[in-house]
Amino acid sequence: ELVEVTGVWDALARRTSLFVGGSFSAATVGGVDAGSVLGGAWNRAGEFSVGRAHRGGAWSDYWPGYLQQVRVWAGAMDSGQVTTQVVGA
């Protein structure tokens, strides 16, 4: 089953939001985990990676499934913009 998952980092608000199927699911604020979903703010220096974690200088925690159609935008999207991307309107 294909599921659309969108993570949004808003640097100004220091907020990470998670959307599943275009609907808001959970958020973290100021790096304090408010949903145990994305683990708060992260260090955005270095290379961009999807489907794995970087801990203790090594890659780990690989995603156990398939990733398809990964897209990246410059700037944070609000919930309306995320929904538009999911439904293709």
# chains A, B, ... in the order shown; residues from 1 in each chain; ligands from 1
call {"tool": "residues_around", "arguments": {"residues": "Gly80 (chain A)", "least_positions_apart": "5", "cutoff": "12 Å", "atoms": "only C-alpha atoms", "output": "PyMOL selection string"}}
result
chain A and resi 19+22-24+85-89
call {"tool": "atom_distance", "arguments": {"atom1": "CA of Thr6 (chain A)", "atom2": "CA of Thr84 (chain A)"}}
result
11.9 Å
call {"tool": "residues_around", "arguments": {"residues": "region 64-67 of chain A", "least_positions_apart": "3", "cutoff": "9 Å", "atoms": "only C-alpha atoms", "output": "ChimeraX atom specification"}}
result
/A:50-51,61,70
call {"tool": "write_last_selection", "arguments": {"atoms": "C-alpha atoms", "output": "JSON list (two decimals), in the first residue's frame"}}
result
[["chain", "number", "residue", "atom", "x", "y", "z"],
["A", 50, "VAL", "CA", 16.07, 9.83, 3.28],
["A", 51, "GLY", "CA", 15.40, 6.39, 4.72],
["A", 61, "ASP", "CA", 18.27, 2.54, 11.12],
["A", 70, "VAL", "CA", 10.86, 11.69, -2.81]]
call {"tool": "residues_around", "arguments": {"residues": "Ala74 (chain A)", "least_positions_apart": "2", "cutoff": "12 Å", "atoms": "only C-alpha atoms", "output": "list in words"}}
result
Val8, Trp9, Asp10, Ala11, Arg71, Val72, Ala76 and Met77 of chain A
call {"tool": "write_last_selection", "arguments": {"atoms": "N, CA, C and O atoms", "output": "mmCIF file, in the first residue's frame"}}
result
data_model
loop_
_atom_site.group_PDB
_atom_site.id
_atom_site.type_symbol
_atom_site.label_atom_id
_atom_site.label_comp_id
_atom_site.auth_asym_id
_atom_site.auth_seq_id
_atom_site.Cartn_x
_atom_site.Cartn_y
_atom_site.Cartn_z
ATOM 1 N N VAL A 8 7.674 18.461 7.410
ATOM 2 C CA VAL A 8 7.941 19.879 7.163
ATOM 3 C C VAL A 8 8.722 20.449 8.339
ATOM 4 O O VAL A 8 8.287 20.352 9.484
ATOM 5 N N TRP A 9 9.879 21.037 8.046
ATOM 6 C CA TRP A 9 10.675 21.744 9.062
ATOM 7 C C TRP A 9 10.499 23.232 8.831
ATOM 8 O O TRP A 9 10.841 23.747 7.768
ATOM 9 N N ASP A 10 9.934 23.944 9.812
ATOM 10 C CA ASP A 10 9.760 25.390 9.772
ATOM 11 C C ASP A 10 10.808 25.981 10.713
ATOM 12 O O ASP A 10 10.631 25.978 11.932
ATOM 13 N N ALA A 11 11.913 26.476 10.137
ATOM 14 C CA ALA A 11 13.025 26.978 10.946
ATOM 15 C C ALA A 11 12.620 28.193 11.768
ATOM 16 O O ALA A 11 13.079 28.344 12.903
ATOM 17 N N ARG A 71 10.422 14.073 -2.833
ATOM 18 C CA ARG A 71 10.518 15.447 -3.331
ATOM 19 C C ARG A 71 10.941 16.358 -2.197
ATOM 20 O O ARG A 71 10.571 16.137 -1.050
ATOM 21 N N VAL A 72 11.699 17.405 -2.525
ATOM 22 C CA VAL A 72 12.199 18.354 -1.531
ATOM 23 C C VAL A 72 11.920 19.766 -2.019
ATOM 24 O O VAL A 72 12.148 20.077 -3.187
ATOM 25 N N ALA A 76 9.182 26.100 4.156
ATOM 26 C CA ALA A 76 8.166 25.303 4.849
ATOM 27 C C ALA A 76 6.812 25.474 4.170
ATOM 28 O O ALA A 76 6.454 26.558 3.730
ATOM 29 N N MET A 77 6.046 24.373 4.074
ATOM 30 C CA MET A 77 4.691 24.418 3.520
ATOM 31 C C MET A 77 3.688 24.383 4.664
ATOM 32 O O MET A 77 3.931 23.741 5.692
#
call {"tool": "atom_distance", "arguments": {"atom1": "CA of Arg55 (chain A)", "atom2": "CA of Val3 (chain A)"}}
result
26.6 Å
call {"tool": "atom_distance", "arguments": {"atom1": "CA of Ser60 (chain A)", "atom2": "CA of Arg14 (chain A)"}}
result
25.5 Å
